[in-house]
Structure formats: C-alpha cells, structure tokens
file run25.cif (mmCIF, C-alpha atoms)
data_coords
loop_
_atom_site.label_atom_id
_atom_site.label_comp_id
_atom_site.auth_asym_id
_atom_site.auth_seq_id
_atom_site.Cartn_x
_atom_site.Cartn_y
_atom_site.Cartn_z
CA MET T 1 120.80 88.14 -52.66
CA VAL T 2 119.47 89.68 -49.47
CA GLU T 3 121.54 91.92 -47.17
CA LEU T 4 122.03 89.45 -44.32
CA SER T 5 122.34 92.00 -41.51
CA SER T 6 118.91 93.42 -42.35
CA ILE T 7 116.97 90.15 -42.04
CA LYS T 8 114.17 90.20 -39.46
CA ALA T 9 111.02 88.29 -38.60
CA GLY T 10 108.22 89.06 -41.01
CA ASP T 11 110.44 89.60 -44.04
CA SER T 12 109.27 87.93 -47.24
CA LEU T 13 111.54 86.12 -49.68
CA PRO T 14 111.12 87.34 -53.28
CA SER T 15 108.54 84.92 -54.69
CA PHE T 16 108.40 83.62 -58.25
CA THR T 17 106.05 81.52 -60.36
CA THR T 18 107.19 78.75 -62.70
CA PRO T 19 105.78 78.22 -66.18
CA PRO T 20 102.96 75.63 -66.16
CA VAL T 21 104.34 72.14 -65.50
CA SER T 22 104.34 70.31 -68.85
CA ARG T 23 104.99 66.70 -69.81
CA LEU T 24 108.36 67.87 -71.11
CA THR T 25 109.09 69.36 -67.67
CA LEU T 26 108.42 65.94 -66.14
CA ALA T 27 110.46 64.08 -68.77
CA LEU T 28 113.45 66.36 -68.17
CA TYR T 29 113.15 65.97 -64.41
CA CYS T 30 112.86 62.19 -64.80
CA GLY T 31 116.13 62.05 -66.69
CA ALA T 32 118.06 64.63 -64.71
CA SER T 33 116.96 63.45 -61.27
CA GLY T 34 117.29 59.73 -61.93
CA ASP T 35 113.76 59.19 -60.61
CA HIS T 36 112.40 56.95 -63.36
CA ASN T 37 109.10 56.12 -61.67
CA PRO T 38 106.73 55.73 -64.67
CA MET T 39 103.88 57.41 -62.72
CA HIS T 40 105.42 60.74 -63.72
CA VAL T 41 106.02 60.22 -67.43
CA ASP T 42 104.03 57.27 -68.80
CA ILE T 43 100.32 58.02 -69.09
CA ASP T 44 99.55 54.41 -70.05
CA TYR T 45 101.13 53.22 -66.80
CA ALA T 46 99.30 55.91 -64.81
CA ARG T 47 95.91 54.97 -66.31
CA ALA T 48 96.50 51.27 -65.72
CA GLY T 49 96.98 52.15 -62.06
CA GLY T 50 93.74 54.10 -61.90
CA SER T 51 95.15 57.62 -62.19
CA PRO T 52 93.70 59.88 -64.90
CA ASP T 53 97.08 61.29 -65.83
CA VAL T 54 100.73 61.49 -64.87
CA PHE T 55 101.61 63.95 -62.11
CA ALA T 56 104.68 65.87 -61.03
CA HIS T 57 107.47 64.53 -58.86
CA GLY T 58 107.24 66.06 -55.39
CA MET T 59 110.98 66.57 -55.51
CA LEU T 60 110.63 68.74 -58.64
CA SER T 61 108.69 71.24 -56.56
CA MET T 62 111.20 70.88 -53.72
CA GLY T 63 113.85 71.78 -56.31
CA TYR T 64 111.85 74.87 -57.32
CA LEU T 65 111.53 75.87 -53.67
CA GLY T 66 115.26 75.33 -53.21
CA ARG T 67 115.76 78.03 -55.87
CA LEU T 68 113.81 80.42 -53.65
CA LEU T 69 116.44 79.80 -50.95
CA THR T 70 119.54 80.02 -53.14
CA ASN T 71 118.20 83.18 -54.84
CA TRP T 72 118.05 84.72 -51.37
CA VAL T 73 121.24 83.55 -49.62
CA PRO T 74 124.38 81.68 -50.74
CA GLN T 75 123.69 77.96 -50.55
CA ALA T 76 126.44 77.35 -47.96
CA ARG T 77 124.32 79.31 -45.46
CA ILE T 78 121.43 76.84 -45.59
CA ARG T 79 121.53 74.73 -42.43
CA ASP T 80 118.29 72.82 -42.75
CA TYR T 81 115.55 72.51 -45.39
CA GLY T 82 112.49 70.29 -45.24
CA VAL T 83 109.03 69.94 -46.77
CA ARG T 84 105.82 67.99 -46.38
CA PHE T 85 104.17 66.98 -49.65
CA THR T 86 100.57 67.96 -48.88
CA ALA T 87 98.96 67.75 -52.33
CA ILE T 88 99.88 66.41 -55.75
CA THR T 89 101.11 68.88 -58.38
CA GLN T 90 99.29 68.24 -61.67
CA VAL T 91 100.31 68.80 -65.28
CA GLY T 92 99.39 72.32 -66.34
CA GLU T 93 99.73 73.92 -62.92
CA ALA T 94 101.92 77.01 -62.52
CA ILE T 95 103.77 76.79 -59.22
CA THR T 96 104.39 79.82 -57.04
CA CYS T 97 107.26 79.55 -54.54
CA SER T 98 107.08 81.85 -51.53
CA GLY T 99 108.39 82.15 -48.01
CA SER T 100 108.95 84.41 -45.06
CA VAL T 101 111.07 84.77 -41.95
CA THR T 102 109.35 83.52 -38.79
CA GLU T 103 112.13 84.25 -36.30
CA VAL T 104 115.75 85.20 -35.89
CA PHE T 105 117.63 83.24 -33.22
CA GLU T 106 121.09 82.15 -32.14
CA ALA T 107 122.41 78.60 -32.25
CA ASP T 108 125.87 77.02 -32.45
CA GLY T 109 127.47 80.45 -32.15
CA GLU T 110 125.75 82.04 -35.14
CA ARG T 111 122.65 84.07 -35.89
CA ARG T 112 120.09 82.16 -37.85
CA ALA T 113 116.76 82.86 -39.49
CA ARG T 114 113.93 80.36 -39.51
CA LEU T 115 111.78 80.43 -42.62
CA THR T 116 108.37 79.11 -43.55
CA LEU T 117 108.06 78.08 -47.19
CA GLN T 118 105.36 76.91 -49.54
CA THR T 119 104.46 76.11 -53.09
CA THR T 120 100.95 76.87 -54.32
CA ASN T 121 99.16 76.43 -57.62
CA GLN T 122 97.40 79.19 -59.56
CA ASN T 123 94.33 78.78 -57.31
CA GLY T 124 96.31 79.20 -54.11
CA GLN T 125 96.16 75.53 -53.15
CA VAL T 126 99.19 74.59 -51.05
CA LYS T 127 101.21 71.71 -52.53
CA LEU T 128 104.38 71.72 -50.43
CA ALA T 129 104.61 73.14 -46.91
CA GLY T 130 108.17 73.61 -45.81
CA ASP T 131 110.64 75.28 -43.52
CA ALA T 132 114.31 76.12 -43.51
CA VAL T 133 117.03 77.54 -41.31
CA VAL T 134 119.75 79.77 -42.77
CA ALA T 135 122.80 81.30 -41.11
CA ILE T 136 122.84 85.08 -41.28
CA SER T 137 126.07 85.93 -39.44
CA MET P 1 100.10 47.06 -39.53
CA SER P 2 101.46 45.07 -42.42
CA LEU P 3 105.04 46.34 -42.34
CA ASP P 4 107.38 44.44 -40.06
CA THR P 5 108.74 46.72 -37.34
CA LYS P 6 111.66 44.36 -36.76
CA TYR P 7 113.41 46.34 -39.50
CA ILE P 8 113.54 49.50 -37.38
CA GLY P 9 117.25 50.22 -37.03
CA HIS P 10 118.20 48.19 -40.08
CA THR P 11 121.25 49.63 -41.82
CA PHE P 12 122.06 49.07 -45.47
CA ALA P 13 125.49 48.56 -47.01
CA PRO P 14 126.96 52.00 -47.75
CA PHE P 15 127.43 52.94 -51.39
CA SER P 16 129.37 55.65 -53.19
CA VAL P 17 128.30 57.86 -56.08
CA ASP P 18 130.40 60.15 -58.28
CA VAL P 19 129.07 63.69 -58.75
CA GLU P 20 129.21 64.37 -62.50
CA LYS P 21 129.20 67.97 -63.73
CA GLY P 22 127.12 67.17 -66.82
CA ARG P 23 124.41 65.74 -64.59
CA LEU P 24 124.44 68.92 -62.48
CA LYS P 25 123.96 71.07 -65.59
CA PHE P 26 121.08 68.84 -66.72
CA PHE P 27 119.50 69.07 -63.26
CA ALA P 28 119.77 72.87 -63.28
CA LYS P 29 117.89 72.91 -66.59
CA ALA P 30 115.25 70.48 -65.26
CA ILE P 31 114.39 72.67 -62.25
CA GLY P 32 114.55 75.93 -64.20
CA GLN P 33 117.66 77.09 -62.35
CA THR P 34 119.10 80.01 -64.33
CA ASP P 35 121.70 81.15 -61.75
CA PRO P 36 124.96 80.47 -63.67
CA VAL P 37 126.67 79.34 -60.46
CA TYR P 38 124.88 76.00 -61.00
CA SER P 39 125.71 75.49 -64.68
CA ASP P 40 128.79 77.57 -65.59
CA GLU P 41 132.07 76.56 -63.98
CA ALA P 42 133.60 80.02 -64.41
CA ALA P 43 130.64 81.57 -62.59
CA ALA P 44 130.90 78.94 -59.85
CA ARG P 45 134.59 79.69 -59.32
CA ALA P 46 133.93 83.43 -59.37
CA ALA P 47 131.45 82.84 -56.53
CA GLY P 48 134.14 81.06 -54.53
CA HIS P 49 133.30 77.45 -55.35
CA PRO P 50 136.00 74.99 -56.46
CA ALA P 51 133.60 73.45 -59.04
CA LEU P 52 129.87 73.35 -59.80
CA PRO P 53 128.04 72.99 -56.48
CA VAL P 54 125.55 70.21 -55.79
CA PRO P 55 122.26 72.11 -55.34
CA PRO P 56 120.19 71.66 -52.17
CA THR P 57 117.92 68.80 -53.24
CA PHE P 58 120.25 66.95 -55.62
CA LEU P 59 121.62 64.79 -52.79
CA PHE P 60 118.26 63.01 -52.89
CA CYS P 61 118.84 62.23 -56.59
CA LEU P 62 122.33 60.92 -55.91
CA GLU P 63 120.86 58.71 -53.19
CA MET P 64 118.62 57.19 -55.89
CA ASP P 65 121.76 56.22 -57.81
CA ALA P 66 122.22 53.40 -55.30
CA PRO P 67 123.15 49.99 -56.79
CA ASN P 68 119.60 48.98 -55.86
CA PRO P 69 117.44 52.11 -55.49
CA GLY P 70 114.59 49.83 -54.41
CA ALA P 71 116.49 48.21 -51.53
CA ILE P 72 114.11 49.51 -48.86
CA ARG P 73 111.06 48.69 -50.97
CA ASP P 74 112.37 45.15 -51.45
CA LEU P 75 113.32 44.64 -47.80
CA LEU P 76 109.92 45.81 -46.52
CA ASP P 77 107.95 44.40 -49.48
CA LEU P 78 106.31 47.79 -50.07
CA PRO P 79 103.34 47.80 -52.49
CA VAL P 80 104.68 50.24 -55.10
CA PRO P 81 101.34 51.65 -56.41
CA LYS P 82 100.34 52.60 -52.84
CA VAL P 83 103.57 54.37 -51.96
CA LEU P 84 103.89 58.17 -51.73
CA HIS P 85 106.70 60.49 -50.70
CA GLY P 86 105.38 62.15 -47.55
CA GLU P 87 108.20 64.33 -46.28
CA GLN P 88 111.80 65.13 -47.12
CA ARG P 89 114.37 67.00 -45.07
CA PHE P 90 118.04 67.87 -45.50
CA SER P 91 120.37 68.96 -42.71
CA TYR P 92 123.50 70.40 -44.25
CA ARG P 93 127.01 70.21 -42.77
CA GLY P 94 129.07 71.16 -45.80
CA MET P 95 128.97 71.71 -49.55
CA ALA P 96 129.46 69.03 -52.19
CA TYR P 97 130.82 69.65 -55.68
CA ALA P 98 131.21 68.15 -59.13
CA GLY P 99 134.11 65.71 -58.99
CA ASP P 100 133.34 64.59 -55.44
CA THR P 101 132.61 60.99 -54.56
CA LEU P 102 129.86 60.86 -51.95
CA THR P 103 129.10 57.92 -49.70
CA PHE P 104 125.54 57.25 -48.56
CA GLN P 105 124.79 55.30 -45.39
CA GLN P 106 121.07 54.54 -45.12
CA ARG P 107 119.18 53.41 -42.04
CA ILE P 108 115.53 52.70 -41.34
CA ALA P 109 114.90 55.00 -38.39
CA ASP P 110 111.26 54.19 -37.76
CA ILE P 111 108.20 52.33 -38.98
CA TYR P 112 104.77 53.26 -37.63
CA ALA P 113 101.07 53.31 -38.49
CA LYS P 114 98.27 55.86 -38.20
CA LYS P 115 94.49 55.73 -38.69
CA GLY P 116 94.25 52.15 -37.48
CA GLY P 117 96.80 50.94 -40.00
CA LEU P 118 95.28 52.65 -43.05
CA LEU P 119 98.45 54.67 -43.33
CA GLU P 120 101.91 53.29 -42.66
CA PHE P 121 105.11 55.31 -42.51
CA VAL P 122 108.73 54.40 -43.11
CA VAL P 123 111.35 56.88 -41.95
CA ARG P 124 114.73 56.68 -43.69
CA GLU P 125 117.83 58.50 -42.48
CA THR P 126 120.87 58.80 -44.69
CA ARG P 127 124.28 60.13 -43.72
CA VAL P 128 126.29 61.59 -46.59
CA THR P 129 130.08 61.97 -46.45
CA ASN P 130 132.60 62.93 -49.10
CA GLN P 131 135.86 61.34 -50.28
CA ARG P 132 137.73 63.03 -47.42
CA GLY P 133 135.35 61.63 -44.82
CA GLU P 134 133.77 65.05 -44.25
CA HIS P 135 130.15 65.04 -43.18
CA ILE P 136 128.12 66.74 -45.95
CA ALA P 137 124.51 66.23 -44.91
CA ASP P 138 121.89 64.07 -43.29
CA LEU P 139 118.77 63.24 -45.28
CA HIS P 140 115.49 62.38 -43.59
CA GLY P 141 112.73 60.98 -45.76
CA ILE P 142 109.28 59.65 -44.96
CA THR P 143 107.57 57.18 -47.27
CA VAL P 144 103.81 56.73 -46.84
CA VAL P 145 101.96 53.52 -47.71
CA ARG P 146 98.23 54.06 -48.24
CA HIS P 147 96.00 51.04 -47.63
CA GLY P 148 92.36 50.83 -48.66
#

call {"tool": "encode", "arguments": {"input": "run25.cif", "output": "structure tokens"}}
result
Amino acid sequence: MVELSSIKAGDSLPSFTTPPVSRLTLALYCGASGDHNPMHVDIDYARAGGSPDVFAHGMLSMGYLGRLLTNWVPQARIRDYGVRFTAITQVGEAITCSGSVTEVFEADGERRARLTLQTTNQNGQVKLAGDAVVAIS
Amino acid sequence: MSLDTKYIGHTFAPFSVDVEKGRLKFFAKAIGQTDPVYSDEAAARAAGHPALPVPPTFLFCLEMDAPNPGAIRDLLDLPVPKVLHGEQRFSYRGMAYAGDTLTFQQRIADIYAKKGGLLEFVVRETRVTNQRGEHIADLHGITVVRHG
C-alpha cells in the first residue's frame, strides 16, 4: 500500500504483468464471473461466428486492473473506476497493468487523486484505457 | 439506426442477488487476486472488514445474475454476434460484503448511433443498494452494436 500523504501528480502505481492468458484462465473466469458467453470458451462457437479463436472477456482485464488499484490503496478509498475496451485481448497474451497519478484535487471535502490506467500486451498494444479517482485524505 | 430510441429511459424491474462467499473466493482465483483480504475471512476481518469484500468489478458479475441477464438484449432485439462491451464504469458509494443481499435497478440511459448508423450504442445505468437500503454503487455500461 502507498503512503497516502505522499501521493502527487506524476507518481506511478507499481505495475505488474499477468501470466499469459490461457484457455483455462478464460474457463475459470467464465465460471466465477457468471459470464457464460460462449465466445470466450467454445472455439467451435467462435469459429462458426467467423472468429479464428476464443478471446478474453474485457471484464477479466478490468478485474486485473482493479488489482492494481487495491494493491495501491484500500478498496474503500476508490470513488470511481472506469475503462474503455479499445482492443481485444487474445489467448496467449501477457497483460501488463499500469497507471499513474494525473492530478491531486479536492472534492466533497476530501483530497482525491485522479489516475490514468491501462492494460497492454507484451508488444505494448493498449487493450484497456481507464481512469480512476481515489480518496487520499 | 435500427435500435428504437423510444426505449431511452426504460427502467427494468429491480432484482436482488445474494453475495456468496464461495463465489468471491472463486472470483479472486479467476482474476489472480492473491491478497488474502479477498479470499480469507480472517485476513478480511483483520483489515477491518466484517466479511469478505466484494472486489471492485464483481458488482458487474452480480448484475449478470439477473433473472434474465439478457433482458436488455431481448427488449432491444440486439444481434448478439455483433455486440461488444465498449465501456464500463463504477462509481462507488460504499462497500459490499459476503452475506449481503444487493438490489439492482437498471435503466436504459441512452441509445445513439455514430458513423452513419454503422455503430450503435446502448448506455445502461444500474443503481445498486444493499439490504439496509444503503447506496453501494452506480454502474455505467456501454454496449456497442457493430453493423456491416
């Protein structure tokens, strides 16, 4: 966890990289999340629809990126967290979660930090582009 | 524009979902969450939580536990193979925990098109409250329909 009083614009959150996304990863996420869309787990269904393979749930990567936040501050401090799904995450890709502080500001009687967040694959391609606001006082 | 904008403002019947601790442990495993606060009740209590906390994105999963998770798709007659998740946002008002019963109130906030109708967007807003009527979060999701 970060020392809250020290947070300032420009700070980076400690990044991490997941193991490559496997079919098992997707099967586990399918069951645990309740998102049973066959596009993510059934290659026969995916091929019948014209896709070469299954691909990852966007919300799996949003879950990874949520870990970046809760590694950094207690979850109760997260005020807002959003992402745009800009590219599909494919089987075999290792996902790096990273973020930084863009500004520190005051709202609703507390100090808050605004963050920019992203997931990228091993080639640096951005998959999720996100932002968050966390309370720091 | 093939989606009917008359459904802007449509509200769905609210539904309630129980937060099960076993499901939270399974979800922690699925997203590679190794922080014991999310899978070990003793660690959660030591961190000041009354039970295992619902992690930031799991509210979206609970929303999919609706009696009919395809209610919006059915109402708008969305073509499933052309549908993508475009954006997702959570605004948090309080924490939720294993053992809670959460109520989801969904509303279609907007329907619009871009690129001459090649892309259509459905904006869904969901208010989440707990068994004490406390406001837990608002979810904001955008579904994209790709034509052509």

call {"tool": "closest_residue", "arguments": {"input": "run25.cif", "among": "P:Ala71, P:Leu76, P:Val144, P:Ala109", "to": "chain T", "atoms": "only C-alpha atoms"}}
result
P:Val144

call {"tool": "atom_distance", "arguments": {"input": "run25.cif", "atom1": "atom CA of Ile78 of chain T", "atom2": "atom CA of Phe104 of chain P"}}
result
20.2 Å

call {"tool": "resolve_selection", "arguments": {"input": "run25.cif", "expression": "the PyMOL selection byres ((chain T) within 7 of (chain P))", "output": "mmCIF file with C-alpha atoms, in the coordinates of the input"}}
result
data_model
loop_
_atom_site.group_PDB
_atom_site.id
_atom_site.type_symbol
_atom_site.label_atom_id
_atom_site.label_comp_id
_atom_site.auth_asym_id
_atom_site.auth_seq_id
_atom_site.Cartn_x
_atom_site.Cartn_y
_atom_site.Cartn_z
ATOM 1 C CA THR T 25 109.090 69.360 -67.670
ATOM 2 C CA LEU T 28 113.450 66.360 -68.170
ATOM 3 C CA TYR T 29 113.150 65.970 -64.410
ATOM 4 C CA ALA T 32 118.060 64.630 -64.710
ATOM 5 C CA SER T 33 116.960 63.450 -61.270
ATOM 6 C CA GLY T 34 117.290 59.730 -61.930
ATOM 7 C CA LEU T 60 110.630 68.740 -58.640
ATOM 8 C CA GLY T 63 113.850 71.780 -56.310
ATOM 9 C CA TYR T 64 111.850 74.870 -57.320
ATOM 10 C CA GLY T 66 115.260 75.330 -53.210
ATOM 11 C CA ARG T 67 115.760 78.030 -55.870
ATOM 12 C CA ALA T 76 126.440 77.350 -47.960
ATOM 13 C CA ILE T 78 121.430 76.840 -45.590
ATOM 14 C CA ARG T 79 121.530 74.730 -42.430
ATOM 15 C CA ASP T 80 118.290 72.820 -42.750
ATOM 16 C CA TYR T 81 115.550 72.510 -45.390
ATOM 17 C CA GLY T 82 112.490 70.290 -45.240
ATOM 18 C CA VAL T 83 109.030 69.940 -46.770
ATOM 19 C CA ARG T 84 105.820 67.990 -46.380
ATOM 20 C CA PHE T 85 104.170 66.980 -49.650
#

call {"tool": "atom_distance", "arguments": {"input": "run25.cif", "atom1": "atom CA of Thr126 of chain P", "atom2": "atom CA of Asp18 of chain P"}}
result
16.7 Å

call {"tool": "resolve_selection", "arguments": {"input": "run25.cif", "expression": "the PyMOL selection byres ((chain T and resi 57) around 8)", "output": "PyMOL selection string"}}
result
chain T and resi 26+40+55-56+58-61+89

call {"tool": "write_last_selection", "arguments": {"input": "run25.cif", "atoms": "C-alpha atoms", "output": "mmCIF file, keeping the file's coordinate frame"}}
result
data_model
loop_
_atom_site.group_PDB
_atom_site.id
_atom_site.type_symbol
_atom_site.label_atom_id
_atom_site.label_comp_id
_atom_site.auth_asym_id
_atom_site.auth_seq_id
_atom_site.Cartn_x
_atom_site.Cartn_y
_atom_site.Cartn_z
ATOM 1 C CA LEU T 26 108.420 65.940 -66.140
ATOM 2 C CA HIS T 40 105.420 60.740 -63.720
ATOM 3 C CA PHE T 55 101.610 63.950 -62.110
ATOM 4 C CA ALA T 56 104.680 65.870 -61.030
ATOM 5 C CA GLY T 58 107.240 66.060 -55.390
ATOM 6 C CA MET T 59 110.980 66.570 -55.510
ATOM 7 C CA LEU T 60 110.630 68.740 -58.640
ATOM 8 C CA SER T 61 108.690 71.240 -56.560
ATOM 9 C CA THR T 89 101.110 68.880 -58.380
#

call {"tool": "atom_distance", "arguments": {"input": "run25.cif", "atom1": "atom CA of Ser98 of chain T", "atom2": "atom CA of Leu128 of chain T"}}
result
10.5 Å

call {"tool": "residues_around", "arguments": {"input": "run25.cif", "residues": "Arg111 of chain T", "least_positions_apart": "2", "cutoff": "9 Å", "atoms": "all atoms listed in the file", "output": "list in words"}}
result
Val104, Phe105, Glu106, Ala107, Asp108, Gly109, Ala113, Val134, Ala135, Ile136 and Ser137 of chain T

call {"tool": "resolve_selection", "arguments": {"input": "run25.cif", "expression": "the PyMOL selection byres ((chain P and resi 39) around 7)", "output": "JSON, numbers by chain"}}
result
{"P": [25, 28, 36, 37, 38, 40, 41, 52]}

call {"tool": "closest_residue", "arguments": {"input": "run25.cif", "among": "T:Leu115, T:Cys97, T:Ala27, T:Val133", "to": "Gly10 of chain T", "atoms": "all atoms listed in the file"}}
result
T:Leu115

call {"tool": "closest_residue", "arguments": {"input": "run25.cif", "among": "P:Thr5, P:Arg127, P:Ile72, P:Gln106", "to": "Thr143 of chain P", "atoms": "all atoms listed in the file"}}
result
P:Ile72

call {"tool": "residues_around", "arguments": {"input": "run25.cif", "residues": "Ile95 of chain T", "least_positions_apart": "4", "cutoff": "10 Å", "atoms": "all atoms listed in the file", "output": "PyMOL selection string"}}
result
chain T and resi 16-21+61+64-65+89-90+118-127

call {"tool": "residues_around", "arguments": {"input": "run25.cif", "residues": "Lys115 of chain P", "least_positions_apart": "4", "cutoff": "12 Å", "atoms": "all atoms listed in the file", "output": "ChimeraX atom specification"}}
result
/P:1,119-121,145-148

call {"tool": "decode", "arguments": {"input": "run25.cif", "residues": "segment 83-118 of chain P", "atoms": "N, CA and C atoms", "output": "short mmCIF file (atom, residue, chain, number, x, y, z; two decimals), in the first residue's frame"}}
result
data_model
loop_
_atom_site.label_atom_id
_atom_site.label_comp_id
_atom_site.auth_asym_id
_atom_site.auth_seq_id
_atom_site.Cartn_x
_atom_site.Cartn_y
_atom_site.Cartn_z
N VAL P 83 -22.49 -7.71 -30.97
CA VAL P 83 -22.47 -6.90 -29.75
C VAL P 83 -21.11 -6.98 -29.06
N LEU P 84 -20.58 -5.83 -28.67
CA LEU P 84 -19.34 -5.76 -27.90
C LEU P 84 -19.55 -4.87 -26.67
N HIS P 85 -18.75 -5.15 -25.65
CA HIS P 85 -18.74 -4.30 -24.45
C HIS P 85 -17.80 -3.14 -24.74
N GLY P 86 -18.32 -1.93 -24.78
CA GLY P 86 -17.49 -0.78 -25.16
C GLY P 86 -16.82 -0.09 -23.99
N GLU P 87 -17.59 0.16 -22.96
CA GLU P 87 -17.07 0.86 -21.77
C GLU P 87 -17.76 0.32 -20.53
N GLN P 88 -17.07 0.44 -19.40
CA GLN P 88 -17.69 0.09 -18.12
C GLN P 88 -17.14 1.03 -17.06
N ARG P 89 -18.03 1.51 -16.22
CA ARG P 89 -17.62 2.42 -15.15
C ARG P 89 -18.38 2.08 -13.87
N PHE P 90 -17.70 2.27 -12.75
CA PHE P 90 -18.30 2.07 -11.43
C PHE P 90 -18.07 3.35 -10.62
N SER P 91 -19.13 3.86 -10.03
CA SER P 91 -19.00 4.94 -9.05
C SER P 91 -19.41 4.37 -7.71
N TYR P 92 -18.47 4.37 -6.77
CA TYR P 92 -18.68 3.66 -5.51
C TYR P 92 -19.16 4.61 -4.41
N ARG P 93 -20.16 4.14 -3.64
CA ARG P 93 -20.68 4.91 -2.51
C ARG P 93 -20.45 4.19 -1.19
N GLY P 94 -20.20 2.89 -1.26
CA GLY P 94 -19.99 2.11 -0.04
C GLY P 94 -19.51 0.72 -0.41
N MET P 95 -19.06 -0.02 0.58
CA MET P 95 -18.56 -1.37 0.34
C MET P 95 -19.71 -2.38 0.45
N ALA P 96 -19.55 -3.48 -0.28
CA ALA P 96 -20.48 -4.61 -0.16
C ALA P 96 -19.68 -5.83 0.27
N TYR P 97 -20.36 -6.75 0.96
CA TYR P 97 -19.67 -7.89 1.57
C TYR P 97 -20.43 -9.20 1.36
N ALA P 98 -19.69 -10.30 1.50
CA ALA P 98 -20.32 -11.62 1.53
C ALA P 98 -21.43 -11.61 2.58
N GLY P 99 -22.56 -12.18 2.22
CA GLY P 99 -23.70 -12.21 3.12
C GLY P 99 -24.70 -11.11 2.85
N ASP P 100 -24.29 -10.08 2.09
CA ASP P 100 -25.22 -9.02 1.72
C ASP P 100 -26.20 -9.50 0.66
N THR P 101 -27.34 -8.84 0.61
CA THR P 101 -28.27 -9.01 -0.50
C THR P 101 -28.35 -7.67 -1.21
N LEU P 102 -27.92 -7.66 -2.46
CA LEU P 102 -27.85 -6.41 -3.22
C LEU P 102 -28.99 -6.33 -4.22
N THR P 103 -29.55 -5.14 -4.35
CA THR P 103 -30.65 -4.91 -5.28
C THR P 103 -30.15 -4.05 -6.44
N PHE P 104 -30.46 -4.48 -7.64
CA PHE P 104 -30.01 -3.82 -8.87
C PHE P 104 -31.20 -3.21 -9.59
N GLN P 105 -31.12 -1.91 -9.83
CA GLN P 105 -32.16 -1.20 -10.58
C GLN P 105 -31.54 -0.69 -11.87
N GLN P 106 -31.94 -1.30 -12.98
CA GLN P 106 -31.33 -0.97 -14.28
C GLN P 106 -32.23 -0.04 -15.09
N ARG P 107 -31.55 0.83 -15.84
CA ARG P 107 -32.26 1.81 -16.66
C ARG P 107 -31.48 2.00 -17.96
N ILE P 108 -32.17 2.12 -19.06
CA ILE P 108 -31.51 2.47 -20.32
C ILE P 108 -31.39 3.99 -20.35
N ALA P 109 -30.18 4.48 -20.24
CA ALA P 109 -29.95 5.92 -20.12
C ALA P 109 -29.87 6.59 -21.48
N ASP P 110 -29.41 5.86 -22.49
CA ASP P 110 -29.28 6.49 -23.80
C ASP P 110 -29.13 5.42 -24.88
N ILE P 111 -29.54 5.78 -26.07
CA ILE P 111 -29.32 4.97 -27.27
C ILE P 111 -28.94 5.96 -28.37
N TYR P 112 -27.79 5.73 -29.03
CA TYR P 112 -27.40 6.66 -30.08
C TYR P 112 -26.53 5.94 -31.11
N ALA P 113 -26.35 6.59 -32.26
CA ALA P 113 -25.58 5.99 -33.36
C ALA P 113 -24.42 6.89 -33.72
N LYS P 114 -23.38 6.28 -34.30
CA LYS P 114 -22.25 7.02 -34.85
C LYS P 114 -21.92 6.43 -36.21
N LYS P 115 -21.10 7.15 -36.98
CA LYS P 115 -20.65 6.67 -38.29
C LYS P 115 -21.84 6.29 -39.17
N GLY P 116 -22.84 7.19 -39.21
CA GLY P 116 -23.98 6.98 -40.09
C GLY P 116 -24.77 5.72 -39.77
N GLY P 117 -24.73 5.30 -38.52
CA GLY P 117 -25.50 4.13 -38.12
C GLY P 117 -24.72 2.83 -38.14
N LEU P 118 -23.45 2.89 -38.56
CA LEU P 118 -22.63 1.67 -38.58
C LEU P 118 -22.38 1.16 -37.16
#
